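*Asks:* Supplied structure: target_9.cif, mmCIF, C-alpha atoms and all ligand atoms.
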```cif
data_entry
loop_
_atom_site.label_atom_id
_atom_site.label_comp_id
_atom_site.auth_asym_id
_atom_site.auth_seq_id
_atom_site.Cartn_x
_atom_site.Cartn_y
_atom_site.Cartn_z
CA MET A 270 6.05 -10.19 3.75
CA GLU A 271 4.66 -13.77 3.56
CA ILE A 272 6.11 -14.24 0.06
CA ILE A 273 9.50 -13.01 1.26
CA LYS A 274 9.38 -15.25 4.33
CA ARG A 275 8.72 -18.25 2.08
CA GLY A 276 11.81 -17.50 0.03
CA GLY A 277 10.17 -15.66 -2.88
CA LEU A 278 12.20 -13.16 -4.89
CA VAL A 279 10.44 -9.87 -4.37
CA TYR A 280 10.97 -6.62 -6.26
CA GLY A 281 9.11 -3.59 -5.03
CA LEU A 282 8.55 0.03 -5.84
CA ASP A 283 7.08 3.03 -4.13
CA ILE A 284 6.80 6.66 -5.06
CA ASP A 285 7.47 7.88 -1.53
CA PRO A 286 11.15 7.82 -0.43
CA LEU A 287 10.17 7.59 3.24
CA ALA A 288 7.82 4.64 2.65
CA LEU A 289 10.56 2.90 0.71
CA LYS A 290 13.03 3.36 3.58
CA GLN A 291 10.50 2.08 6.13
CA SER A 292 9.71 -1.02 4.00
CA LYS A 293 13.40 -1.81 3.62
CA GLU A 294 13.92 -1.57 7.38
CA ARG A 295 10.82 -3.62 8.18
CA VAL A 296 11.74 -6.42 5.82
CA PHE A 297 15.38 -6.45 6.89
CA LYS A 298 14.33 -6.72 10.55
CA ALA A 299 11.94 -9.60 9.86
CA CYS A 300 14.08 -11.49 7.30
CA PRO A 301 17.66 -10.22 7.14
CA ASN A 302 18.61 -12.68 4.38
CA ALA A 303 15.57 -12.09 2.17
CA PHE A 304 15.79 -11.35 -1.53
CA PHE A 305 14.04 -7.98 -1.64
CA LYS A 306 14.94 -5.22 -4.08
CA LEU A 307 13.32 -1.81 -4.04
CA LYS A 308 13.20 1.17 -6.36
CA LEU A 309 11.85 4.67 -5.99
CA ALA A 310 9.42 4.87 -8.90
CA ASN A 311 5.85 5.49 -9.97
CA PHE A 312 4.07 2.24 -10.81
CA SER A 313 2.70 3.91 -13.92
CA GLN A 314 6.26 3.35 -15.25
CA LEU A 315 6.20 -0.39 -14.46
CA THR A 316 7.64 -1.58 -17.79
CA ALA A 317 10.66 0.72 -17.50
CA VAL A 318 11.19 -0.21 -13.83
CA ALA A 319 11.06 -3.94 -14.68
CA GLN A 320 13.66 -3.37 -17.39
CA LYS A 321 15.93 -1.66 -14.86
CA PHE A 322 15.53 -4.66 -12.56
CA GLY A 323 16.30 -6.92 -15.56
CA LEU A 324 12.90 -8.59 -15.37
CA THR A 325 11.02 -9.81 -18.45
CA ALA A 326 8.35 -12.11 -16.96
CA VAL A 327 7.20 -12.52 -13.37
CA ALA A 328 5.01 -15.00 -11.47
CA GLY A 329 2.94 -12.43 -9.63
CA ILE A 330 2.27 -8.74 -9.21
CA LEU A 331 0.61 -7.17 -6.19
CA LEU A 332 -0.63 -3.61 -6.35
CA ASP A 333 -1.40 -2.36 -2.86
CA LEU A 334 -2.98 0.96 -3.79
CA GLY A 335 -3.55 4.15 -1.87
CA LEU A 336 -1.60 5.25 1.16
CA SER A 337 -0.10 3.52 4.16
CA SER A 338 -1.17 4.04 7.77
CA GLU A 339 2.20 5.72 8.37
CA GLN A 340 1.55 8.26 5.60
CA LEU A 341 -2.01 8.94 6.76
CA ALA A 342 -0.87 9.41 10.34
CA ASP A 343 2.08 11.67 9.50
CA PRO A 344 1.02 15.15 10.67
CA ASP A 345 3.26 16.86 8.10
CA ARG A 346 1.71 15.19 5.05
CA GLY A 347 -1.78 16.70 5.29
CA PHE A 348 -3.81 13.57 4.45
CA SER A 349 -5.92 13.52 7.59
CA PHE A 350 -8.67 15.86 8.68
CA ASN A 351 -8.01 14.77 12.26
CA LEU A 352 -4.53 16.30 12.36
CA ALA A 353 -3.60 19.97 12.02
CA ALA A 354 -1.26 20.05 9.03
CA PRO A 355 -0.45 21.97 5.87
CA LEU A 356 -2.91 21.06 3.11
CA ASP A 357 -0.40 19.07 1.06
CA MET A 358 -1.42 15.41 0.36
CA ARG A 359 1.43 14.58 -2.03
CA ALA A 360 2.59 10.97 -1.75
CA SER A 361 5.74 11.96 -3.64
CA PRO A 362 7.84 15.12 -3.35
CA ASP A 363 8.04 14.99 -7.17
CA TYR A 364 4.35 15.80 -7.56
CA GLN A 365 3.96 19.50 -8.25
CA VAL A 366 0.42 20.36 -7.17
CA THR A 367 -0.70 20.31 -3.53
CA ALA A 368 -4.23 20.10 -2.15
CA ALA A 369 -3.89 23.76 -1.07
CA ASP A 370 -3.14 24.74 -4.71
CA LEU A 371 -6.40 23.08 -5.80
CA ILE A 372 -8.52 24.46 -2.96
CA ASN A 373 -7.29 28.02 -3.54
CA GLY A 374 -6.87 27.85 -7.32
CA LEU A 375 -9.90 26.06 -8.79
CA ASN A 376 -13.08 28.02 -9.44
CA LYS A 377 -16.38 27.11 -7.81
CA GLY A 378 -17.56 24.96 -10.74
CA GLU A 379 -14.29 23.06 -10.86
CA LEU A 380 -14.35 22.42 -7.11
CA TYR A 381 -17.95 21.23 -7.38
CA GLU A 382 -17.04 18.82 -10.17
CA LEU A 383 -13.99 17.54 -8.27
CA PHE A 384 -15.98 16.74 -5.10
CA GLN A 385 -18.88 15.34 -7.11
CA LYS A 386 -16.91 13.08 -9.45
CA LEU A 387 -14.01 11.94 -7.28
CA GLY A 388 -15.57 12.17 -3.83
CA GLU A 389 -19.14 11.23 -4.84
CA GLU A 390 -20.02 13.95 -2.30
CA GLN A 391 -23.72 14.89 -2.13
CA HIS A 392 -23.07 18.34 -0.70
CA SER A 393 -20.46 19.35 -3.31
CA LEU A 394 -22.18 22.60 -4.23
CA SER A 395 -22.51 24.03 -0.74
CA ILE A 396 -18.94 22.96 0.11
CA ALA A 397 -17.53 24.55 -3.07
CA ASP A 398 -19.54 27.69 -2.39
CA LEU A 399 -18.28 28.06 1.19
CA ILE A 400 -14.66 27.39 0.14
CA VAL A 401 -14.80 30.16 -2.45
CA ARG A 402 -16.38 32.61 0.00
CA THR A 403 -13.93 31.75 2.80
CA ARG A 404 -10.80 32.07 0.70
CA LEU A 405 -11.79 35.61 -0.29
CA ILE A 406 -10.96 36.55 3.30
CA LYS A 407 -7.77 34.47 3.59
CA PRO A 408 -6.24 31.49 1.77
CA ILE A 409 -7.12 27.99 3.02
CA THR A 410 -3.80 26.39 3.86
CA THR A 411 -4.40 23.78 6.58
CA THR A 412 -6.33 20.53 6.89
CA LYS A 413 -8.06 21.89 9.97
CA GLN A 414 -9.35 24.98 8.13
CA LEU A 415 -10.72 22.83 5.31
CA ALA A 416 -12.31 20.28 7.65
CA GLU A 417 -14.06 23.13 9.53
CA ILE A 418 -15.38 24.64 6.29
CA VAL A 419 -16.79 21.27 5.20
CA MET A 420 -18.39 20.72 8.60
CA LYS A 421 -20.00 24.15 8.38
CA ALA A 422 -21.26 23.56 4.83
CA VAL A 423 -22.60 20.05 5.52
CA LYS A 424 -25.24 20.16 8.18
CA PHE A 425 -25.64 16.39 8.22
CA ARG A 426 -23.63 14.48 10.83
CA GLY A 427 -23.31 10.74 10.13
CA LYS A 428 -20.98 8.01 11.31
CA THR A 429 -18.10 9.12 9.10
CA HIS A 430 -16.47 12.55 9.29
CA PRO A 431 -18.20 14.98 6.84
CA ALA A 432 -14.83 15.85 5.26
CA THR A 433 -13.98 12.24 4.33
CA LYS A 434 -15.13 12.47 0.71
CA VAL A 435 -13.65 15.92 0.05
CA PHE A 436 -10.28 14.74 1.33
CA GLN A 437 -10.55 11.60 -0.81
CA ALA A 438 -11.27 13.65 -3.94
CA LEU A 439 -8.31 15.95 -3.34
CA ARG A 440 -5.95 13.06 -2.66
CA ILE A 441 -6.98 11.33 -5.88
CA VAL A 442 -6.19 14.39 -7.98
CA VAL A 443 -3.00 15.43 -6.19
CA ASN A 444 -1.56 11.92 -6.68
CA ASP A 445 -3.20 11.25 -10.06
CA GLU A 446 -4.40 7.97 -8.58
CA LEU A 447 -6.89 6.89 -11.21
CA ASN A 448 -4.65 7.63 -14.20
CA ASN A 449 -1.72 5.84 -12.58
CA LEU A 450 -3.92 2.81 -11.98
CA LYS A 451 -5.22 2.83 -15.57
CA ALA A 452 -1.63 3.08 -16.82
CA VAL A 453 -0.22 0.24 -14.72
CA LEU A 454 -2.82 -2.46 -15.41
CA PRO A 455 -1.86 -3.26 -19.05
CA GLN A 456 1.84 -3.05 -18.18
CA ALA A 457 1.30 -5.50 -15.31
CA VAL A 458 -0.49 -7.99 -17.57
CA ALA A 459 2.29 -7.73 -20.17
CA LEU A 460 4.92 -8.42 -17.50
CA LEU A 461 3.24 -11.55 -16.10
CA LYS A 462 4.22 -14.96 -17.40
CA PRO A 463 1.38 -17.30 -18.45
CA GLY A 464 -0.27 -18.59 -15.28
CA GLY A 465 1.05 -15.56 -13.38
CA ARG A 466 -1.32 -13.69 -11.10
CA LEU A 467 -2.20 -10.05 -10.72
CA ALA A 468 -3.64 -9.04 -7.34
CA VAL A 469 -4.92 -5.56 -6.64
CA ILE A 470 -5.96 -4.15 -3.27
CA SER A 471 -8.00 -0.98 -3.64
CA PHE A 472 -9.43 1.29 -0.97
CA HIS A 473 -12.23 3.20 -2.67
CA SER A 474 -14.98 2.40 -5.14
CA LEU A 475 -13.54 4.46 -8.02
CA GLU A 476 -10.35 2.38 -8.00
CA ASP A 477 -12.21 -0.88 -7.49
CA ARG A 478 -14.49 -0.13 -10.45
CA ILE A 479 -11.46 0.37 -12.74
CA VAL A 480 -9.91 -2.93 -11.61
CA LYS A 481 -13.18 -4.83 -11.87
CA GLN A 482 -13.87 -3.60 -15.43
CA TYR A 483 -10.29 -4.20 -16.53
CA PHE A 484 -10.30 -7.79 -15.27
CA LYS A 485 -13.70 -8.44 -16.82
CA ASN A 486 -12.84 -7.05 -20.25
CA ASN A 487 -9.30 -8.36 -20.69
CA ALA A 488 -9.20 -11.53 -22.80
CA GLN A 489 -5.78 -12.44 -21.37
CA LEU A 490 -7.10 -12.64 -17.81
CA ILE A 491 -9.23 -15.13 -15.90
CA ASN A 492 -10.94 -13.47 -12.99
CA LEU A 493 -10.32 -15.68 -9.95
CA ASN A 494 -12.87 -14.10 -7.66
CA LYS A 495 -16.14 -12.70 -8.96
CA LYS A 496 -16.68 -10.76 -5.75
CA PRO A 497 -13.79 -8.88 -4.12
CA ILE A 498 -12.15 -10.44 -1.07
CA MET A 499 -12.70 -8.30 2.02
CA ALA A 500 -11.00 -8.23 5.40
CA SER A 501 -12.39 -10.49 8.13
CA ASP A 502 -13.94 -9.02 11.27
CA GLN A 503 -10.82 -10.08 13.13
CA GLU A 504 -8.55 -8.20 10.70
CA ILE A 505 -10.75 -5.09 10.82
CA LYS A 506 -10.51 -5.15 14.62
CA ALA A 507 -6.72 -5.30 14.46
CA ASN A 508 -6.46 -2.81 11.57
CA PRO A 509 -9.57 -0.63 11.15
CA ARG A 510 -8.33 0.78 7.81
CA SER A 511 -8.66 -2.67 6.24
CA ARG A 512 -12.45 -2.11 6.46
CA SER A 513 -12.50 -0.48 3.03
CA ALA A 514 -9.93 -2.76 1.33
CA LYS A 515 -11.04 -4.88 -1.63
CA LEU A 516 -8.76 -7.52 -3.12
CA ARG A 517 -9.26 -8.78 -6.69
CA VAL A 518 -7.09 -11.45 -8.27
CA ALA A 519 -6.79 -12.52 -11.91
CA GLU A 520 -4.63 -15.08 -13.69
CA LYS A 521 -2.96 -14.58 -17.05
CA ILE A 522 -3.84 -17.24 -19.63
C1 LIG A 601 -1.35 0.87 1.08
S1 LIG A 601 0.28 1.48 0.98
C2 LIG A 601 1.25 0.04 0.79
C3 LIG A 601 1.73 -0.50 2.05
C4 LIG A 601 2.71 -1.65 1.87
N1 LIG A 601 2.09 -2.78 1.24
C5 LIG A 601 3.26 -2.05 3.21
O1 LIG A 601 2.91 -3.11 3.70
O2 LIG A 601 4.04 -1.25 3.74
C6 LIG A 601 0.36 2.12 -0.64
C7 LIG A 601 1.73 2.63 -1.03
O3 LIG A 601 1.67 2.94 -2.43
C8 LIG A 601 2.47 4.06 -2.67
N2 LIG A 601 2.02 4.67 -3.93
C9 LIG A 601 0.91 5.40 -4.15
N3 LIG A 601 0.82 5.72 -5.44
C10 LIG A 601 1.91 5.19 -6.05
C11 LIG A 601 2.38 5.18 -7.39
N4 LIG A 601 1.70 5.79 -8.37
N5 LIG A 601 3.54 4.54 -7.66
C12 LIG A 601 4.22 3.91 -6.68
N6 LIG A 601 3.82 3.87 -5.40
C13 LIG A 601 2.69 4.50 -5.08
C14 LIG A 601 2.28 4.95 -1.46
O4 LIG A 601 3.37 5.84 -1.32
C15 LIG A 601 2.18 3.90 -0.33
O5 LIG A 601 3.41 3.71 0.30
#
```
Rewrite the structure of this file - the entire thing - as structure tokens.
Ligand SMILES: C[S@@+](CC[C@H](N)C(=O)[O-])C[C@H]1O[C@@H](n2cnc3c(N)ncnc32)[C@H](O)[C@@H]1O

*Replies:*
Amino acid sequence: MEIIKRGGLVYGLDIDPLALKQSKERVFKACPNAFFKLKLANFSQLTAVAQKFGLTAVAGILLDLGLSSEQLADPDRGFSFNLAAPLDMRASPDYQVTAADLINGLNKGELYELFQKLGEEQHSLSIADLIVRTRLIKPITTTKQLAEIVMKAVKFRGKTHPATKVFQALRIVVNDELNNLKAVLPQAVALLKPGGRLAVISFHSLEDRIVKQYFKNNAQLINLNKKPIMASDQEIKANPRSRSAKLRVAEKI
């Protein structure tokens, strides 16, 4: 929004039609005369999207990864263990596989691996075991059912909800988050003009690791901040979800 307010020409894309509509409305309300063009697209197709916009080189690219507060709070989307909803988790209606498909379709070993690798969940085995035993009785179709199973399987109660990591792992697979990120980074670098900047905001360590390694190993990039930039206490107070955000910025040589 700040770039738009200062007169920048901003092109944006989102995979979620609803998010796109909300962004358009928000920007129009704040700056009715802004130059702001949007397309419904997956950022893994950045080169093709830029071509459609007629862009060959840009001054900056911002990837704000993950999901918005609106998406997480939407009871119909199934992202939150705090809301009773169908176990969906698709950011785009074009994605074919829902979280319920994975929970009811993967075998115990596959579920274990999913929670272990993408959720870094310590209790993956007992959770996978209880899921498989529960779904023998009836399919697991709601966020509430899954959250209750995880709570039953994980005896430990910490500060964060025990289902946090399981939900993270499912979301990553349903939306192919890591592959999309790996696909967009080289396309973003190619699209930047020399001196242009690539900024990435990530919300979990698996994404941040990919960005960190990519910036470190790419000879065309100068890493502008060795450590990621984090939200201030004041920002976290105003927006608690910013707690896990990490911003990395690199400049193209
Ligand atoms: C953290 S939110 C961005 C919020 C936005 N900066 C704003 O201020 O409204 C992340 C957005 O990325 C979108 N998204 C997730 N994966 C995507 C992908 N592969 N391609 C395009 N958009 C994606 C989500 O639908 C979501 O709207």

*Asks:* Could you list the protein, DNA and RNA residues that have any atom within 7 Å of ligand LIG 601 (chain A), counting all atoms listed in the file, and write them as number ranges by chain?

*Replies:* A: 282-285, 288, 292, 310-313, 333-337, 360-361, 444, 446, 449

*Asks:* How would the residues just picked look written out with C-alpha atoms as a compact mmCIF listing (two decimals), keeping the file's coordinate frame?

*Replies:*
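Output file again28.txt is given in full below:
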```txt
# COMPACT_ATOMS: atom_id res chain seq x y z
CA LEU A 282 8.55 0.03 -5.84
CA ASP A 283 7.08 3.03 -4.13
CA ILE A 284 6.80 6.66 -5.06
CA ASP A 285 7.47 7.88 -1.53
CA ALA A 288 7.82 4.64 2.65
CA SER A 292 9.71 -1.02 4.00
CA ALA A 310 9.42 4.87 -8.90
CA ASN A 311 5.85 5.49 -9.97
CA PHE A 312 4.07 2.24 -10.81
CA SER A 313 2.70 3.91 -13.92
CA ASP A 333 -1.40 -2.36 -2.86
CA LEU A 334 -2.98 0.96 -3.79
CA GLY A 335 -3.55 4.15 -1.87
CA LEU A 336 -1.60 5.25 1.16
CA SER A 337 -0.10 3.52 4.16
CA ALA A 360 2.59 10.97 -1.75
CA SER A 361 5.74 11.96 -3.64
CA ASN A 444 -1.56 11.92 -6.68
CA GLU A 446 -4.40 7.97 -8.58
CA ASN A 449 -1.72 5.84 -12.58
```

*Asks:* Around the point (-8.6, -6.9, -1.6) in the file's coordinates, collect all residues with an atom within 12 Å, using only C-alpha atoms, and return them as a PyMOL selection string.

*Replies:* chain A and resi 331-334+467-474+476-477+480-481+494+496-501+511-519

*Asks:* Between A:Tyr280, A:Phe384, A:Phe350, A:Phe297, which is the closest to Val442 (chain A) once you count all atoms listed in the file?

*Replies:*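 Ranking A:Tyr280, A:Phe384, A:Phe350, A:Phe297 by distance to Val442 (chain A), first place goes to A:Phe384.
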
*Asks:* Which of these, A:Lys407, A:Gly323, A:Gln365, A:Ile273, has the shortest distance to Ala303 (chain A) once you count all atoms listed in the file?

*Replies:*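 Ranking A:Lys407, A:Gly323, A:Gln365, A:Ile273 by distance to Ala303 (chain A), first place goes to A:Ile273.
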
*Asks:* Find the residues around Ala319 (chain A) up to 9 Å (only C-alpha atoms counted), leave out those fewer than 5 positions away in its own chain, and share them as a ChimeraX atom specification.

*Replies:* /A:280,314,324-326,460

*Asks:* Quick one: everything within 8 Å of region 397-400 of chain A, counting only C-alpha atoms, minus sequence neighbours fewer than 2 positions away in the same chain. Send it as a list in words.

*Replies:* Ile372, Lys377, Gly378, Leu380, Tyr381, Ser393, Leu394, Ser395, Arg402, Thr403, Arg404, Leu415, Ile418 and Ala422 of chain A

*Asks:* Looking at all atoms listed in the file, which of A:Asn351, A:Asn492, A:Gln391, A:Ser338 is the one that sits closest to Arg510 (chain A)?

*Replies:*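 Using all atoms listed in the file, Arg510 (chain A) sits closest to A:Ser338.
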
*Asks:* Have a look at A:Gln291, A:Asn448, A:Ser349, A:Gln340 and name the one nearest to Thr433 (chain A); count all atoms listed in the file.

*Replies:*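 Answer, going by the shortest atom-to-atom distance: A:Ser349.
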
*Asks:* Grab the CA of Leu371 (chain A) to CA of Arg426 (chain A) distance for me, in Å with one decimal place.

*Replies:*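 CA of Leu371 (chain A) sits 25.4 Å away from CA of Arg426 (chain A).
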
*Asks:* What does the distance from CA of Leu341 (chain A) to CA of Glu379 (chain A) come to in Å, to one decimal?

*Replies:*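 A separation of 25.7 Å between them.
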
*Asks:* Select all residues near (1.8, -0.9, -21.7) (cut-off 10 Å, inclusive, file coordinates), counting all atoms listed in the file, and output them as a PyMOL selection string.

*Replies:* chain A and resi 313-317+452-460

*Asks:* Pick from A:Lys462, A:Leu278, A:Gln320, A:Gly329: nearest to Lys306 (chain A), with all atoms listed in the file counted?

*Replies:*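 Closest to Lys306 (chain A) of all the choices is A:Leu278.
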
*Asks:* As an exercise, work out the distance from CA of Phe305 (chain A) to CA of Gly277 (chain A) in Å and give it to one decimal place.

*Replies:*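 Here the two named atoms are 8.7 Å from each other.
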
*Asks:* List as a PyMOL selection string the protein and nucleic acid residues near Val443 (chain A), meaning an atom at most 12 Å away when only C-alpha atoms are counted, but skip any in the same chain fewer than 3 places from it.

*Replies:* chain A and resi 347-348+356-372+383+387+436-440+446-449

*Asks:* Residues near Leu490 (chain A), anyone? I mean within 8 Å using all atoms listed in the file, not counting same-chain ones fewer than 6 positions away, as a ChimeraX atom specification.

*Replies:* /A:484,519-522

*Asks:* Check the smallest atom-to-atom distance from each of A:Glu382, A:Gly374, A:Gln489, A:Asp445 to Leu405 (chain A) using all atoms listed in the file, then report the winner.

*Replies:*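 Closest to Leu405 (chain A), using all atoms listed in the file: A:Gly374.
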
*Asks:* Keeping just C-alpha atoms, export region 345-389 of chain A of this structure as a tab-separated table (two decimals), in the first residue's frame.

*Replies:*
```tsv
chain	number	residue	atom	x	y	z
A	345	ASP	CA	-15.64	-22.04	5.27
A	346	ARG	CA	-12.00	-22.42	4.25
A	347	GLY	CA	-10.91	-24.89	6.93
A	348	PHE	CA	-7.51	-23.36	7.77
A	349	SER	CA	-8.13	-22.86	11.47
A	350	PHE	CA	-8.43	-25.43	14.23
A	351	ASN	CA	-10.37	-22.85	16.24
A	352	LEU	CA	-13.31	-22.80	13.82
A	353	ALA	CA	-15.64	-25.66	12.95
A	354	ALA	CA	-15.27	-26.04	9.19
A	355	PRO	CA	-14.90	-28.60	6.42
A	356	LEU	CA	-11.31	-29.83	6.26
A	357	ASP	CA	-10.47	-28.04	3.01
A	358	MET	CA	-7.47	-25.62	3.22
A	359	ARG	CA	-7.26	-24.80	-0.49
A	360	ALA	CA	-6.15	-21.23	-1.16
A	361	SER	CA	-7.41	-21.63	-4.73
A	362	PRO	CA	-10.54	-23.39	-6.01
A	363	ASP	CA	-8.29	-24.72	-8.81
A	364	TYR	CA	-6.33	-26.92	-6.43
A	365	GLN	CA	-7.69	-30.45	-6.60
A	366	VAL	CA	-6.72	-32.07	-3.30
A	367	THR	CA	-8.21	-31.00	0.04
A	368	ALA	CA	-6.85	-31.60	3.53
A	369	ALA	CA	-9.68	-34.12	4.07
A	370	ASP	CA	-8.47	-36.10	1.01
A	371	LEU	CA	-5.01	-36.35	2.57
A	372	ILE	CA	-6.21	-37.18	6.08
A	373	ASN	CA	-8.52	-39.94	4.83
A	374	GLY	CA	-6.41	-41.14	1.89
A	375	LEU	CA	-2.78	-41.34	3.03
A	376	ASN	CA	-1.57	-44.43	4.86
A	377	LYS	CA	-0.11	-44.26	8.36
A	378	GLY	CA	3.50	-44.04	7.15
A	379	GLU	CA	2.68	-41.27	4.70
A	380	LEU	CA	0.82	-39.28	7.36
A	381	TYR	CA	3.75	-39.73	9.74
A	382	GLU	CA	6.19	-38.47	7.12
A	383	LEU	CA	3.95	-35.51	6.25
A	384	PHE	CA	3.65	-34.32	9.87
A	385	GLN	CA	7.32	-35.02	10.54
A	386	LYS	CA	8.79	-33.31	7.48
A	387	LEU	CA	6.41	-30.42	6.90
A	388	GLY	CA	5.13	-29.83	10.43
A	389	GLU	CA	8.34	-30.77	12.28
```
